[in-house]
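Here is work.cif, consisting of mmCIF, C-alpha atoms and all ligand atoms:
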```
data_structure
loop_
_atom_site.label_atom_id
_atom_site.label_comp_id
_atom_site.auth_asym_id
_atom_site.auth_seq_id
_atom_site.Cartn_x
_atom_site.Cartn_y
_atom_site.Cartn_z
CA MET A 71 65.88 -40.40 -34.87
CA ASN A 72 62.16 -41.05 -35.40
CA LYS A 73 61.85 -44.81 -36.06
CA LYS A 74 58.32 -44.45 -37.50
CA LEU A 75 59.67 -42.70 -40.61
CA SER A 76 59.80 -44.65 -43.84
CA LYS A 77 62.93 -44.55 -45.96
CA SER A 78 60.91 -45.06 -49.18
CA PRO A 79 60.43 -42.07 -51.51
CA GLY A 80 57.33 -39.95 -50.92
CA ALA A 81 55.46 -36.82 -51.95
CA ILE A 82 56.72 -33.27 -51.39
CA GLY A 83 54.90 -31.76 -48.39
CA VAL A 84 53.50 -28.24 -48.68
CA PHE A 85 52.28 -26.63 -45.47
CA ASP A 86 50.38 -23.46 -44.64
CA SER A 87 48.20 -22.23 -41.80
CA GLY A 88 45.25 -22.27 -44.23
CA TYR A 89 44.52 -21.64 -47.90
CA GLY A 90 47.38 -19.23 -48.64
CA GLY A 91 49.91 -21.92 -49.43
CA LEU A 92 47.71 -23.00 -52.34
CA THR A 93 48.99 -19.93 -54.23
CA ILE A 94 52.49 -21.40 -53.84
CA LEU A 95 51.40 -24.98 -54.61
CA ASN A 96 49.72 -23.77 -57.80
CA GLN A 97 52.97 -22.32 -59.13
CA ILE A 98 55.07 -25.28 -57.97
CA LYS A 99 52.70 -27.68 -59.75
CA GLN A 100 52.86 -25.61 -62.92
CA GLU A 101 56.67 -25.65 -62.82
CA MET A 102 56.97 -29.32 -61.75
CA PRO A 103 53.76 -31.19 -62.64
CA GLU A 104 55.39 -34.62 -62.56
CA TYR A 105 55.97 -34.67 -58.78
CA ASP A 106 53.56 -35.85 -56.06
CA TYR A 107 52.43 -33.37 -53.39
CA ILE A 108 50.63 -33.47 -50.05
CA TYR A 109 49.13 -30.10 -49.10
CA LEU A 110 48.33 -29.60 -45.44
CA GLY A 111 46.32 -26.56 -44.34
CA ASP A 112 45.93 -25.98 -40.60
CA ASN A 113 42.65 -24.13 -41.24
CA ALA A 114 41.26 -25.03 -37.82
CA ARG A 115 44.00 -22.95 -36.15
CA THR A 116 44.49 -20.18 -38.71
CA PRO A 117 45.54 -17.37 -38.59
CA TYR A 118 49.09 -17.86 -37.36
CA GLY A 119 50.06 -14.25 -38.03
CA THR A 120 48.84 -12.92 -34.69
CA ARG A 121 50.19 -15.83 -32.62
CA SER A 122 53.35 -15.96 -30.49
CA PHE A 123 56.67 -17.41 -31.64
CA GLU A 124 56.25 -20.41 -29.33
CA ILE A 125 52.82 -21.35 -30.67
CA VAL A 126 53.68 -20.89 -34.36
CA TYR A 127 56.80 -23.02 -33.80
CA GLU A 128 54.83 -25.73 -31.95
CA PHE A 129 52.05 -25.89 -34.59
CA THR A 130 54.51 -25.85 -37.49
CA LEU A 131 56.67 -28.60 -35.99
CA GLN A 132 53.56 -30.76 -35.46
CA ALA A 133 52.60 -30.32 -39.12
CA VAL A 134 56.12 -31.03 -40.37
CA ASN A 135 56.29 -34.22 -38.28
CA LYS A 136 52.91 -35.37 -39.65
CA LEU A 137 54.07 -34.77 -43.22
CA PHE A 138 57.29 -36.72 -42.53
CA GLU A 139 55.20 -39.57 -41.09
CA MET A 140 53.16 -39.54 -44.31
CA GLY A 141 56.33 -40.24 -46.26
CA CYS A 142 57.53 -36.75 -47.22
CA HIS A 143 61.31 -36.24 -47.18
CA LEU A 144 61.05 -32.60 -48.22
CA VAL A 145 58.56 -30.10 -46.77
CA ILE A 146 57.99 -26.55 -48.01
CA LEU A 147 56.65 -24.10 -45.44
CA ALA A 148 54.40 -22.20 -47.86
CA CYS A 149 53.72 -19.71 -45.10
CA ASN A 150 55.81 -16.64 -44.31
CA THR A 151 54.77 -16.58 -40.68
CA ALA A 152 55.94 -20.17 -40.17
CA SER A 153 59.07 -19.50 -42.24
CA ALA A 154 59.81 -16.43 -40.09
CA LYS A 155 59.05 -17.91 -36.71
CA ALA A 156 59.74 -21.64 -36.94
CA LEU A 157 61.94 -22.57 -39.90
CA ARG A 158 65.39 -21.94 -38.42
CA SER A 159 64.60 -23.66 -35.12
CA ILE A 160 63.26 -26.70 -36.95
CA GLN A 161 66.25 -26.82 -39.30
CA ILE A 162 68.85 -26.35 -36.57
CA ASN A 163 67.34 -27.93 -33.46
CA ASP A 164 64.77 -30.50 -34.58
CA LEU A 165 65.80 -32.01 -37.92
CA PRO A 166 69.07 -33.56 -36.67
CA GLY A 167 67.07 -35.54 -34.08
CA ILE A 168 64.12 -36.39 -36.35
CA ASP A 169 66.15 -37.42 -39.42
CA PRO A 170 69.20 -35.46 -40.59
CA ASN A 171 68.44 -36.40 -44.22
CA ARG A 172 65.00 -34.75 -44.33
CA ARG A 173 64.67 -31.10 -45.34
CA VAL A 174 62.34 -28.21 -44.56
CA LEU A 175 62.52 -25.11 -46.77
CA GLY A 176 60.72 -21.76 -46.46
CA VAL A 177 59.44 -19.00 -48.73
CA ILE A 178 61.29 -15.91 -47.49
CA ARG A 179 64.76 -16.63 -48.89
CA PRO A 180 63.63 -17.32 -52.50
CA THR A 181 61.57 -14.12 -52.44
CA VAL A 182 64.41 -12.01 -51.08
CA GLU A 183 66.83 -13.41 -53.67
CA SER A 184 64.58 -12.09 -56.45
CA ILE A 185 64.38 -8.43 -55.49
CA GLY A 186 67.97 -7.27 -56.09
CA ASN A 187 67.38 -6.92 -59.83
CA ILE A 188 63.82 -5.60 -59.55
CA THR A 189 64.10 -2.49 -57.37
CA HIS A 190 65.74 0.56 -58.98
CA SER A 191 65.07 3.06 -56.19
CA ARG A 192 66.47 0.51 -53.65
CA HIS A 193 63.42 1.24 -51.46
CA VAL A 194 61.32 -1.89 -50.87
CA GLY A 195 58.05 -2.35 -48.98
CA VAL A 196 56.83 -5.54 -47.34
CA LEU A 197 53.15 -6.24 -46.68
CA ALA A 198 52.80 -9.21 -44.31
CA THR A 199 51.19 -10.54 -41.16
CA SER A 200 51.99 -8.89 -37.83
CA GLY A 201 54.07 -11.95 -36.88
CA THR A 202 56.24 -11.75 -39.98
CA ILE A 203 56.76 -7.99 -39.64
CA ILE A 204 57.61 -8.21 -35.90
CA SER A 205 60.10 -11.02 -36.58
CA GLU A 206 62.09 -8.60 -38.84
CA SER A 207 62.85 -11.62 -41.04
CA TYR A 208 62.47 -9.64 -44.27
CA PRO A 209 64.86 -6.77 -43.43
CA LEU A 210 67.35 -9.24 -41.91
CA GLU A 211 67.33 -11.54 -44.96
CA ILE A 212 67.28 -8.67 -47.45
CA HIS A 213 70.26 -6.98 -45.80
CA LYS A 214 72.29 -10.21 -45.90
CA LEU A 215 72.08 -10.13 -49.71
CA HIS A 216 71.47 -6.44 -50.47
CA PRO A 217 72.76 -4.23 -47.63
CA ASP A 218 71.92 -1.04 -49.58
CA ILE A 219 68.15 -1.67 -49.80
CA ILE A 220 65.91 0.31 -47.45
CA VAL A 221 63.06 -1.88 -46.21
CA SER A 222 59.75 -0.71 -44.73
CA GLY A 223 57.18 -3.17 -43.41
CA GLU A 224 53.44 -2.83 -42.87
CA PRO A 225 51.44 -5.43 -40.90
CA CYS A 226 48.02 -6.18 -42.40
CA PRO A 227 46.21 -8.19 -39.69
CA MET A 228 42.82 -8.15 -41.44
CA TRP A 229 43.98 -9.49 -44.80
CA VAL A 230 44.29 -13.20 -43.90
CA PRO A 231 40.81 -13.28 -42.28
CA LEU A 232 39.38 -11.60 -45.43
CA VAL A 233 40.85 -14.38 -47.57
CA GLU A 234 40.06 -17.26 -45.19
CA ASN A 235 36.44 -16.04 -44.99
CA ASN A 236 36.07 -15.65 -48.75
CA GLU A 237 35.62 -11.87 -48.45
CA TYR A 238 38.58 -10.85 -50.60
CA ASN A 239 36.35 -9.66 -53.46
CA SER A 240 33.91 -7.79 -51.23
CA PRO A 241 33.63 -3.97 -50.97
CA GLY A 242 34.67 -4.30 -47.30
CA ALA A 243 38.06 -5.60 -48.42
CA ASP A 244 38.72 -2.32 -50.29
CA TYR A 245 38.81 -0.39 -47.02
CA PHE A 246 41.48 -2.58 -45.42
CA VAL A 247 43.55 -2.91 -48.58
CA LYS A 248 43.66 0.86 -49.17
CA GLN A 249 44.41 1.55 -45.50
CA HIS A 250 47.55 -0.60 -45.42
CA ILE A 251 48.86 0.51 -48.80
CA ASP A 252 48.48 4.15 -47.77
CA ASN A 253 50.25 3.42 -44.45
CA LEU A 254 53.15 1.71 -46.22
CA LEU A 255 53.65 4.50 -48.74
CA LYS A 256 53.48 7.08 -45.95
CA LYS A 257 56.42 5.28 -44.31
CA ASP A 258 58.51 5.60 -47.49
CA SER A 259 57.30 7.38 -50.63
CA GLU A 260 60.31 6.16 -52.66
CA ILE A 261 59.23 2.50 -52.59
CA ASP A 262 59.22 1.07 -56.12
CA THR A 263 58.84 -2.63 -55.21
CA ILE A 264 56.39 -4.26 -52.81
CA ILE A 265 56.73 -7.84 -51.60
CA LEU A 266 53.50 -9.63 -50.76
CA GLY A 267 55.08 -11.36 -47.78
CA CYS A 268 52.11 -13.58 -47.01
CA THR A 269 50.98 -16.42 -49.22
CA HIS A 270 47.31 -15.43 -48.77
CA TYR A 271 47.78 -11.98 -50.30
CA PRO A 272 47.91 -12.84 -54.04
CA LEU A 273 44.13 -13.31 -53.77
CA LEU A 274 43.87 -9.60 -52.95
CA LEU A 275 46.10 -8.58 -55.87
CA PRO A 276 43.36 -6.93 -58.00
CA LYS A 277 42.45 -4.68 -55.05
CA ILE A 278 46.09 -4.04 -54.14
CA GLU A 279 46.82 -2.91 -57.71
CA LYS A 280 43.71 -0.71 -57.67
CA TYR A 281 45.11 1.39 -54.80
CA LEU A 282 48.78 1.46 -55.77
CA PRO A 283 50.23 4.39 -57.72
CA ALA A 284 51.59 3.47 -61.16
CA GLY A 285 55.20 2.37 -61.41
CA ILE A 286 55.34 0.12 -58.33
CA THR A 287 56.16 -3.54 -58.94
CA VAL A 288 54.30 -6.06 -56.78
CA ILE A 289 56.02 -9.35 -56.06
CA SER A 290 53.92 -12.46 -55.44
CA GLN A 291 56.07 -15.27 -54.16
CA GLY A 292 54.79 -18.33 -56.03
CA GLU A 293 56.94 -18.11 -59.15
CA TYR A 294 60.14 -17.46 -57.16
CA VAL A 295 59.50 -20.29 -54.70
CA ALA A 296 58.73 -22.68 -57.57
CA ALA A 297 61.88 -21.72 -59.47
CA SER A 298 63.98 -22.03 -56.33
CA LEU A 299 62.56 -25.49 -55.51
CA LYS A 300 63.24 -26.69 -59.04
CA SER A 301 66.83 -25.50 -58.82
CA TYR A 302 67.20 -27.04 -55.32
CA LEU A 303 66.14 -30.47 -56.60
CA LYS A 304 68.52 -30.17 -59.54
CA ARG A 305 71.39 -29.37 -57.18
CA HIS A 306 70.36 -32.17 -54.78
CA PRO A 307 69.77 -35.33 -56.82
CA GLU A 308 69.88 -37.37 -53.58
CA MET A 309 66.70 -35.55 -52.47
CA ASP A 310 65.15 -35.63 -55.92
CA LYS A 311 65.39 -39.45 -55.85
CA LEU A 312 63.34 -39.42 -52.64
CA CYS A 313 60.46 -37.48 -54.28
CA THR A 314 57.91 -39.64 -56.09
CA LYS A 315 56.69 -38.58 -59.53
CA ASN A 316 53.17 -39.76 -60.41
CA SER A 317 51.50 -36.29 -60.67
CA ILE A 318 49.30 -37.04 -57.63
CA CYS A 319 48.26 -34.22 -55.31
CA LYS A 320 46.56 -34.93 -51.99
CA PHE A 321 44.87 -32.26 -49.85
CA LEU A 322 44.51 -32.38 -46.08
CA THR A 323 42.91 -29.87 -43.74
CA THR A 324 42.48 -29.69 -39.99
CA GLU A 325 39.04 -28.02 -40.58
CA SER A 326 35.96 -29.46 -42.27
CA GLU A 327 36.84 -31.06 -45.61
CA ILE A 328 33.64 -29.65 -47.17
CA LYS A 329 34.53 -26.08 -46.25
CA PHE A 330 38.09 -26.56 -47.45
CA SER A 331 37.19 -28.03 -50.83
CA GLU A 332 34.67 -25.22 -51.51
CA SER A 333 37.17 -22.46 -50.76
CA ALA A 334 40.19 -24.23 -52.22
CA SER A 335 38.40 -24.58 -55.56
CA THR A 336 38.41 -20.77 -55.87
CA PHE A 337 42.18 -20.72 -55.27
CA LEU A 338 42.89 -23.56 -57.66
CA ASN A 339 40.09 -23.04 -60.21
CA THR A 340 39.33 -26.74 -60.10
CA GLU A 341 37.42 -29.26 -57.97
CA ILE A 342 39.53 -31.22 -55.49
CA SER A 343 38.97 -33.97 -52.98
CA VAL A 344 40.07 -33.32 -49.43
CA GLU A 345 40.53 -35.32 -46.24
CA ARG A 346 40.11 -34.00 -42.74
CA PHE A 347 43.21 -34.47 -40.65
CA VAL A 348 43.67 -34.32 -36.89
CA ILE A 349 46.95 -32.93 -35.55
CA GLU A 350 47.76 -33.77 -31.95
N1 LIG A 401 49.89 -17.65 -45.44
C1 LIG A 401 50.44 -17.28 -44.17
C2 LIG A 401 51.70 -16.43 -44.39
O1 LIG A 401 52.27 -16.52 -45.47
C3 LIG A 401 49.35 -16.65 -43.37
C4 LIG A 401 49.64 -16.58 -41.95
C5 LIG A 401 48.46 -16.57 -41.04
O2 LIG A 401 47.87 -17.61 -40.84
O3 LIG A 401 48.20 -15.51 -40.47
O4 LIG A 401 52.15 -15.71 -43.54
#
```
Represent the structure of the file as structure tokens.
Amino acid sequence: MNKKLSKSPGAIGVFDSGYGGLTILNQIKQEMPEYDYIYLGDNARTPYGTRSFEIVYEFTLQAVNKLFEMGCHLVILACNTASAKALRSIQINDLPGIDPNRRVLGVIRPTVESIGNITHSRHVGVLATSGTIISESYPLEIHKLHPDIIVSGEPCPMWVPLVENNEYNSPGADYFVKQHIDNLLKKDSEIDTIILGCTHYPLLLPKIEKYLPAGITVISQGEYVAASLKSYLKRHPEMDKLCTKNSICKFLTTESEIKFSESASTFLNTEISVERFVIE
């Protein structure tokens, strides 16, 4: 048990390797504006998607511990790569020793729960980082709930760097977006539903839609994660009591705060103030 942790209520922690989790935070804030949030982006060490299991787990656990030390009782991993590679180990092996009453939740399960009623062909595609695709988390989770769905995955290693470097509207992005959509549809031409299995990808949505044939539904995760969190807090009033509600949102980055606030404003459509944060 970590003795440094306060028992007083605190903000909900939202973590991502960089800016991508802001697409999730945006939706959560829309759904639950009364809560307080601390967003932590590990921009100095992004991307996670090409890193090993061990490193993603180590970095994610460091971030979760920092958010707990800042008073959070509940942390959302707003990152598929961290959800795929670190969530279960943290839940099963680390939380009991840190504080069995704290919770860490991911973004894959709420997304997977949504697709059963959306796909008619029962052929689903997943666009995600190499790490998420290699982990097989999407097919494994989908088959637990919907064993009949055929899942094809396509890793898109250039997409996170395009977003992190503010190139997602550039003509160069078209090349990489088209390439991966074509690859995915070559794997299975009956796909009628595509999951954007990386929280950075909603920024590329206009380009993704440009290269997709008509009739394919694209799923961005934000609304499903927000709805699932709301329902979780309703079902767990003991956790809800530990989440403060003053509508305050704090932003932390492991990179330069100036760089973060410039880029984050394009995600959030508003000016924000940011603090630099050192994770050791
Ligand atoms: N937003 C993260 C995800 O959802 C991006 C991972 C990365 O840093 O490569 O997977």
**Request:** Could you give me the residues within 7 Å of ligand LIG 401 (chain A), counting only C-alpha atoms and all ligand atoms, as JSON, numbers by chain?
**Result:** {"A": [86, 87, 88, 90, 91, 116, 117, 118, 119, 120, 148, 149, 150, 151, 152, 198, 199, 202, 230, 267, 268, 269, 270]}
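Proximity to Ser298 of chain A at 10 Å, evaluated using all atoms listed in the file and with sequence-adjacent residues fewer than 6 positions away removed, yields Ile98, Val177, Arg179, Pro180, Thr181, Glu183, Ser184, Gly292 and Lys304 of chain A.
When atom CA of Leu144 of chain A is paired with atom CA of Thr93 of chain A, their separation reads 18.5 Å.
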**Message:** Using only C-alpha atoms, which protein or nucleic acid residues come within 12 Å of Arg158 of chain A? Drop anything in the same chain fewer than 2 positions from it, and give the result as a VMD selection string.
**Reply:** chain A and resid 123 127 130 to 131 147 152 to 156 160 to 165 173 to 176 178 to 179 207
**Message:** Using only C-alpha atoms, which protein or nucleic acid residues come within 12 Å of segment 330-345 of chain A? Drop anything in the same chain fewer than 6 positions from it, and give the result as a ChimeraX atom specification.
**Reply:** /A:88-97,99-100,108-114,233-239,269-274,318-324
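Put simply, atom CA of Pro241 of chain A is 20.9 Å away from atom CA of Leu254 of chain A.
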**Prompt:** Any idea what's packed within 10 Å of Leu137 of chain A, counting all atoms listed in the file, ignoring anything in its chain fewer than 2 positions away? Could you give it as an MDAnalysis selection string?
**Reply:** chainID A and resid 80:85 108:110 131:135 139:145
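Going from atom CA of Cys226 of chain A to atom CA of Leu210 of chain A covers 19.6 Å.
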**Item:** Non-local contacts of Pro283 of chain A (10 Å; all atoms listed in the file; under 2 positions in same chain excluded) as a list in words
**Value:** Ile251, Leu255, Asp262, Glu279, Lys280, Tyr281, Gly285, Ile286 and Thr287 of chain A
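Distance annotation: of A:Leu75, A:Ile204, A:Ile168, A:Leu232, the residue with the minimal separation from Arg121 of chain A is A:Ile204; atom set is all atoms listed in the file.
Between Lys257 of chain A and the candidates A:Gly223, A:Gly186, A:Pro307, A:Pro209, the tightest atom-to-atom separation, counting all atoms listed in the file, involves A:Gly223.
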